[in-house]
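Below is the file my_file-v1.cif, which contains mmCIF, C-alpha atoms and all ligand atoms.
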data_data
loop_
_atom_site.label_atom_id
_atom_site.label_comp_id
_atom_site.auth_asym_id
_atom_site.auth_seq_id
_atom_site.Cartn_x
_atom_site.Cartn_y
_atom_site.Cartn_z
CA MET A 1 162.01 54.99 -29.32
CA ARG A 2 164.66 52.33 -29.88
CA TYR A 3 167.55 52.40 -32.35
CA ILE A 4 170.86 50.70 -33.15
CA GLU A 5 174.06 52.70 -33.64
CA PRO A 6 175.71 50.45 -36.24
CA HIS A 7 178.88 52.55 -36.70
CA GLY A 8 180.25 54.51 -33.75
CA HIS A 9 183.91 55.04 -32.80
CA MET A 10 183.29 54.86 -29.09
CA VAL A 11 186.98 54.79 -28.10
CA SER A 12 186.85 58.50 -28.99
CA ARG A 13 183.86 59.26 -26.77
CA THR A 14 183.31 59.85 -23.07
CA THR A 15 181.14 57.67 -20.86
CA ASP A 16 178.68 60.59 -20.78
CA ASP A 17 178.04 59.82 -24.45
CA TYR A 18 177.20 56.20 -23.63
CA GLN A 19 174.74 57.44 -21.03
CA ALA A 20 173.15 59.91 -23.47
CA MET A 21 172.83 57.27 -26.21
CA VAL A 22 171.17 54.74 -23.92
CA THR A 23 168.84 57.43 -22.60
CA ALA A 24 167.85 58.23 -26.22
CA GLY A 25 166.97 54.57 -26.88
CA CYS A 26 170.19 53.01 -28.18
CA ALA A 27 169.89 49.21 -27.98
CA ALA A 28 173.33 48.22 -29.34
CA VAL A 29 176.48 49.91 -30.65
CA CYS A 30 178.94 48.55 -33.22
CA GLU A 31 182.47 49.88 -33.57
CA PRO A 32 184.59 49.36 -36.71
CA ALA A 33 188.39 49.59 -36.48
CA PHE A 34 189.59 52.91 -37.90
CA TRP A 35 192.38 55.49 -38.03
CA ALA A 36 193.18 56.78 -34.55
CA GLY A 37 194.18 60.27 -35.70
CA PHE A 38 197.85 59.23 -35.97
CA ASP A 39 199.74 56.47 -37.79
CA ARG A 40 200.63 53.53 -35.56
CA LYS A 41 204.28 52.49 -35.80
CA ASN A 42 203.96 48.70 -35.78
CA LYS A 43 201.59 45.77 -35.33
CA HIS A 44 201.82 46.00 -31.53
CA GLY A 45 200.01 49.33 -31.62
CA PHE A 46 197.20 47.70 -33.57
CA TYR A 47 197.10 44.69 -31.27
CA ASP A 48 196.54 46.96 -28.26
CA TYR A 49 193.81 48.81 -30.18
CA PHE A 50 192.10 45.52 -31.10
CA LEU A 51 192.10 44.54 -27.41
CA GLN A 52 190.55 47.91 -26.62
CA LEU A 53 187.80 47.19 -29.18
CA THR A 54 187.17 43.61 -28.03
CA GLU A 55 187.73 43.77 -24.26
CA TYR A 56 187.81 47.23 -22.70
CA GLU A 57 185.12 49.01 -24.72
CA PRO A 58 182.46 46.26 -24.28
CA ARG A 59 183.03 46.46 -20.51
CA ARG A 60 182.64 50.25 -20.54
CA ALA A 61 179.40 49.99 -22.54
CA ALA A 62 178.09 47.22 -20.26
CA LYS A 63 178.07 49.69 -17.36
CA TYR A 64 175.16 51.30 -19.22
CA HIS A 65 173.57 47.93 -20.16
CA LEU A 66 174.53 48.57 -23.79
CA PRO A 67 175.75 45.60 -25.89
CA HIS A 68 178.95 46.62 -27.74
CA PHE A 69 180.29 44.91 -30.89
CA SER A 70 183.35 45.50 -33.04
CA TRP A 71 184.79 44.98 -36.52
CA LEU A 72 188.51 44.37 -37.17
CA CYS A 73 190.92 45.45 -39.94
CA ILE A 74 193.75 47.82 -40.77
CA ASN A 75 192.05 50.95 -42.08
CA PRO A 76 192.84 52.18 -45.62
CA LYS A 77 194.65 55.28 -44.38
CA GLU A 78 197.35 53.11 -42.77
CA SER A 79 197.42 50.56 -45.60
CA GLU A 80 200.05 52.43 -47.63
CA ASP A 81 202.79 50.26 -46.08
CA PRO A 82 202.03 46.72 -47.34
CA GLY A 83 204.55 45.19 -44.89
CA LEU A 84 202.84 46.73 -41.88
CA ALA A 85 199.43 45.84 -43.32
CA ASP A 86 200.45 42.18 -43.70
CA ASP A 87 201.69 42.15 -40.08
CA VAL A 88 198.34 43.52 -38.88
CA LEU A 89 196.32 41.17 -41.09
CA SER A 90 198.16 38.23 -39.53
CA LEU A 91 196.80 39.23 -36.10
CA ILE A 92 193.15 39.17 -37.12
CA PRO A 93 192.21 35.46 -37.55
CA ASP A 94 192.80 34.67 -33.84
CA LEU A 95 190.92 37.81 -32.74
CA LEU A 96 187.86 36.85 -34.81
CA GLN A 97 187.16 34.39 -31.97
CA LYS A 98 186.45 37.24 -29.53
CA PRO A 99 182.76 37.14 -28.59
CA ASN A 100 181.92 40.71 -29.67
CA VAL A 101 183.50 40.62 -33.17
CA LEU A 102 181.00 40.85 -36.04
CA GLY A 103 183.29 40.83 -39.08
CA ILE A 104 185.95 42.65 -41.12
CA GLY A 105 185.76 46.44 -41.26
CA GLU A 106 185.88 49.24 -41.91
CA ILE A 107 187.99 48.34 -44.93
CA GLY A 108 187.98 50.28 -48.19
CA LEU A 109 189.85 53.11 -49.84
CA ASN A 110 191.01 56.55 -48.78
CA LYS A 111 193.04 57.98 -51.68
CA ASN A 112 192.23 55.15 -54.11
CA SER A 113 195.94 54.21 -54.28
CA ARG A 114 197.43 50.97 -55.60
CA ASN A 115 198.59 49.82 -52.15
CA GLU A 116 195.19 50.57 -50.58
CA LEU A 117 193.55 48.46 -53.27
CA LEU A 118 196.00 45.60 -52.69
CA ILE A 119 195.23 45.55 -48.95
CA LEU A 120 191.49 45.89 -49.59
CA GLU A 121 191.64 42.73 -51.72
CA LYS A 122 193.54 40.89 -48.96
CA HIS A 123 190.84 41.88 -46.45
CA ILE A 124 188.10 40.62 -48.76
CA GLN A 125 189.96 37.32 -49.11
CA LEU A 126 190.34 37.12 -45.31
CA ALA A 127 186.59 37.69 -44.87
CA ALA A 128 185.79 35.06 -47.51
CA ASP A 129 188.17 32.54 -45.94
CA HIS A 130 186.57 32.98 -42.51
CA ASP A 131 182.97 33.51 -43.66
CA GLN A 132 182.80 37.00 -42.15
CA LEU A 133 180.47 39.94 -42.73
CA ILE A 134 182.15 42.99 -44.32
CA LEU A 135 181.80 46.71 -43.54
CA VAL A 136 183.30 49.06 -46.16
CA HIS A 137 184.42 52.69 -45.83
CA THR A 138 184.16 54.75 -49.04
CA PRO A 139 186.52 57.70 -49.53
CA HIS A 140 185.28 61.19 -48.80
CA LEU A 141 188.43 63.26 -49.26
CA GLU A 142 189.37 62.10 -52.75
CA ASP A 143 187.08 60.75 -55.48
CA LYS A 144 184.17 58.91 -53.80
CA LEU A 145 182.56 57.83 -57.07
CA LYS A 146 185.78 56.34 -58.47
CA GLY A 147 186.62 54.75 -55.10
CA THR A 148 183.15 53.21 -54.79
CA LYS A 149 183.40 51.73 -58.28
CA LEU A 150 186.84 50.25 -57.50
CA ILE A 151 185.49 48.75 -54.25
CA LEU A 152 182.42 47.27 -55.94
CA ASP A 153 184.63 45.70 -58.64
CA ALA A 154 186.94 44.20 -55.98
CA LEU A 155 183.94 42.73 -54.13
CA LYS A 156 182.30 41.38 -57.28
CA ASN A 157 185.56 39.62 -58.23
CA HIS A 158 184.86 37.25 -55.34
CA SER A 159 182.09 35.09 -56.75
CA SER A 160 181.59 33.32 -53.41
CA LEU A 161 180.79 36.62 -51.63
CA GLN A 162 177.08 37.31 -51.05
CA PRO A 163 176.29 41.04 -51.54
CA GLY A 164 173.70 40.85 -48.76
CA ARG A 165 176.53 40.18 -46.29
CA VAL A 166 178.39 43.41 -47.21
CA ILE A 167 177.53 46.98 -46.21
CA ILE A 168 179.07 49.92 -48.08
CA ASP A 169 179.09 52.90 -45.74
CA HIS A 170 179.22 56.68 -46.25
CA VAL A 171 177.15 56.54 -49.45
CA GLU A 172 175.93 59.80 -50.95
CA GLU A 173 173.41 60.68 -53.63
CA HIS A 174 175.76 59.76 -56.50
CA THR A 175 176.92 56.41 -55.04
CA ALA A 176 173.83 54.99 -53.27
CA PRO A 177 172.17 53.65 -56.48
CA LEU A 178 175.40 51.86 -57.57
CA VAL A 179 175.60 50.10 -54.20
CA LEU A 180 171.93 49.20 -53.86
CA ASP A 181 171.49 48.09 -57.48
CA SER A 182 174.35 45.62 -57.00
CA GLY A 183 172.55 44.00 -54.05
CA PHE A 184 174.78 45.38 -51.28
CA TRP A 185 173.59 47.19 -48.16
CA ALA A 186 174.22 50.94 -47.95
CA GLY A 187 175.08 53.05 -44.91
CA ILE A 188 174.36 56.77 -44.69
CA THR A 189 176.62 58.60 -42.25
CA LEU A 190 175.18 61.59 -40.40
CA TYR A 191 177.71 64.35 -39.71
CA PRO A 192 177.03 67.92 -38.61
CA GLU A 193 178.91 69.33 -41.65
CA SER A 194 180.54 66.79 -43.98
CA LYS A 195 178.91 63.61 -45.31
CA ALA A 196 175.10 63.69 -44.86
CA THR A 197 173.00 65.93 -42.63
CA PRO A 198 169.75 64.43 -41.27
CA ASN A 199 167.68 66.20 -43.92
CA ARG A 200 169.94 65.01 -46.76
CA ALA A 201 169.73 61.47 -45.39
CA ILE A 202 165.92 61.59 -45.34
CA ASP A 203 165.93 62.98 -48.89
CA MET A 204 168.04 59.98 -49.95
CA ILE A 205 165.58 57.57 -48.32
CA GLU A 206 162.81 59.27 -50.29
CA LEU A 207 164.82 58.90 -53.51
CA TYR A 208 166.15 55.36 -53.13
CA GLY A 209 163.75 53.68 -50.68
CA HIS A 210 164.50 52.20 -47.29
CA GLU A 211 165.39 48.59 -48.16
CA ARG A 212 168.94 47.51 -47.27
CA ILE A 213 169.83 50.94 -45.80
CA TRP A 214 171.00 51.90 -42.32
CA LEU A 215 171.82 55.26 -40.76
CA ASN A 216 174.77 55.85 -38.43
CA SER A 217 176.56 58.70 -36.69
CA ALA A 218 180.14 57.32 -36.99
CA CYS A 219 180.81 59.51 -33.92
CA ASP A 220 184.61 59.76 -33.77
CA TRP A 221 187.26 62.15 -32.43
CA GLY A 222 186.35 64.81 -35.04
CA HIS A 223 183.32 67.09 -35.20
CA SER A 224 180.49 64.55 -34.94
CA ASP A 225 177.37 63.83 -32.91
CA PRO A 226 176.76 60.51 -31.12
CA LEU A 227 173.04 61.36 -31.03
CA ALA A 228 172.76 62.03 -34.78
CA VAL A 229 170.59 58.92 -35.35
CA PRO A 230 167.86 59.71 -32.77
CA LYS A 231 167.94 63.38 -33.84
CA THR A 232 167.22 62.23 -37.40
CA ALA A 233 164.24 60.27 -36.04
CA LEU A 234 162.85 63.51 -34.62
CA GLN A 235 163.37 65.22 -37.99
CA MET A 236 161.48 62.34 -39.64
CA ARG A 237 158.57 62.82 -37.22
CA HIS A 238 158.49 66.49 -38.28
CA ARG A 239 158.16 65.31 -41.89
CA GLY A 240 155.25 63.05 -41.00
CA TYR A 241 156.85 59.61 -40.91
CA SER A 242 155.20 57.04 -38.64
CA ALA A 243 156.87 55.63 -35.55
CA ASP A 244 156.73 52.20 -37.20
CA PHE A 245 158.61 53.41 -40.31
CA ILE A 246 161.27 55.06 -38.15
CA ASP A 247 161.61 51.87 -36.08
CA ARG A 248 162.07 49.87 -39.26
CA LEU A 249 164.78 52.17 -40.64
CA LEU A 250 166.71 52.80 -37.43
CA TYR A 251 166.22 49.50 -35.59
CA ARG A 252 164.85 46.62 -37.68
CA ASN A 253 167.01 47.35 -40.74
CA PRO A 254 170.38 47.26 -38.92
CA LEU A 255 169.08 44.35 -36.84
CA GLY A 256 168.40 42.43 -40.04
CA PHE A 257 171.91 42.94 -41.41
CA LEU A 258 173.82 42.48 -38.17
CA SER A 259 171.85 39.39 -37.08
CA GLN A 260 173.50 37.53 -39.96
CA ASN A 261 176.19 37.09 -37.34
CA PRO A 262 174.49 35.07 -34.57
CA ARG A 263 176.59 36.83 -31.94
CA PHE A 264 174.66 40.06 -32.43
CA ARG A 265 172.00 40.96 -29.89
CA THR A 266 170.28 44.09 -28.62
CA ALA A 267 169.57 45.26 -25.08
CA ASP A 268 165.86 44.49 -25.24
ZN ZN B 301 184.15 54.99 -39.28
#

Show this structure as structure tokens.
Ligand SMILES: [Zn+2]
Amino acid sequence: MRYIEPHGHMVSRTTDDYQAMVTAGCAAVCEPAFWAGFDRKNKHGFYDYFLQLTEYEPRRAAKYHLPHFSWLCINPKESEDPGLADDVLSLIPDLLQKPNVLGIGEIGLNKNSRNELLILEKHIQLAADHDQLILVHTPHLEDKLKGTKLILDALKNHSSLQPGRVIIDHVEEHTAPLVLDSGFWAGITLYPESKATPNRAIDMIELYGHERIWLNSACDWGHSDPLAVPKTALQMRHRGYSADFIDRLLYRNPLGFLSQNPRFRTAD
């Protein structure tokens, strides 16, 4: 089989994980900027992280013949300090020139606070100004439904923004219809415990269809599984899905969204 891992925090993983993913059929991995497990003190900490995402990590993946791409932003968890957020935002336009950058992400909300919303709107403006794709993180600790509605309103306020160029990730049963009905793409995140298990994800596909949906493992420094996507494919085979349907959901769907940036390519 072949698949794309459209959302994996590979800075948190060992090279053994790269080897296992490629062995399982991974044809490309995309890495959004996120919270590192601690708050960075100043913009220099973010600059070093952005270089890790755009220079070091692609080289590490290339050792396994795996194309690696990244998304840039200051994550919502560290957006509570608007001064720091503005400093970090000022770094991004130059870095958008790096050859593996696909867009702005993962932006969004964590606690649905006023400052998070302010910085979310600045990111959306930055993406609009530079004609970038957007990847959005929806909250999972606080109120996901309220946070998703706030995010959708902020996106819809930008009339120039095309919904088909935005993916809203970490959707669940109560938020997927809102996202899809508005014309956006939806991401389902596969976690061993929180977010969606493989079986819940397949149930959602059966409820809401498979158009404009991708599956990802988000594999980060917490309890997560970098092989969650191919393991879901096996679960789908158990349920009787064809190899062609699985290829469409796990490979051709993310390929369709990501190829809106001409830099994107897969290993095959
Ligand atoms: Zn993430």

- Item | Residue with smallest distance to Glu55 of chain A - pool A:Pro76, A:Pro230, A:Gly25, A:Pro99, counting all atoms listed in the file |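 Going through A:Pro76, A:Pro230, A:Gly25, A:Pro99 one by one, the smallest distance to Glu55 of chain A is for A:Pro99.
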
### Message
Residues near Thr197 of chain A, anyone? I mean within 12 Å using only C-alpha atoms, not counting same-chain ones fewer than 6 positions away, as a list in words.
### Response
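With the cut-off at 12 Å, the set is His170, Glu172, Ile188, Thr189, Leu190, Tyr191, Asp203, Met204, Leu215, Asn216, Ser217, Ser224, Asp225, Ala228, Val229, Lys231, Thr232 and Gln235 of chain A.
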
To one decimal place, how far is atom CA of Trp221 of chain A from atom CA of Ser113 of chain A in Å?
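Taking atom CA of Trp221 of chain A and atom CA of Ser113 of chain A, their separation equals 24.8 Å.
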
Kindly work out which residues sit at most 9 Å from ligand ZN 301 (chain B), using only C-alpha atoms and all ligand atoms, and give the list as an NGL selection string.
:A and (7-9 or 31-35 or 105-106 or 137 or 169-170 or 189 or 217-220)

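Restricting the calculation to all atoms listed in the file, the smallest distance between Ala154 of chain A and any of A:Glu121, A:Asp181, A:Asp244, A:Asp87 is found for A:Glu121.
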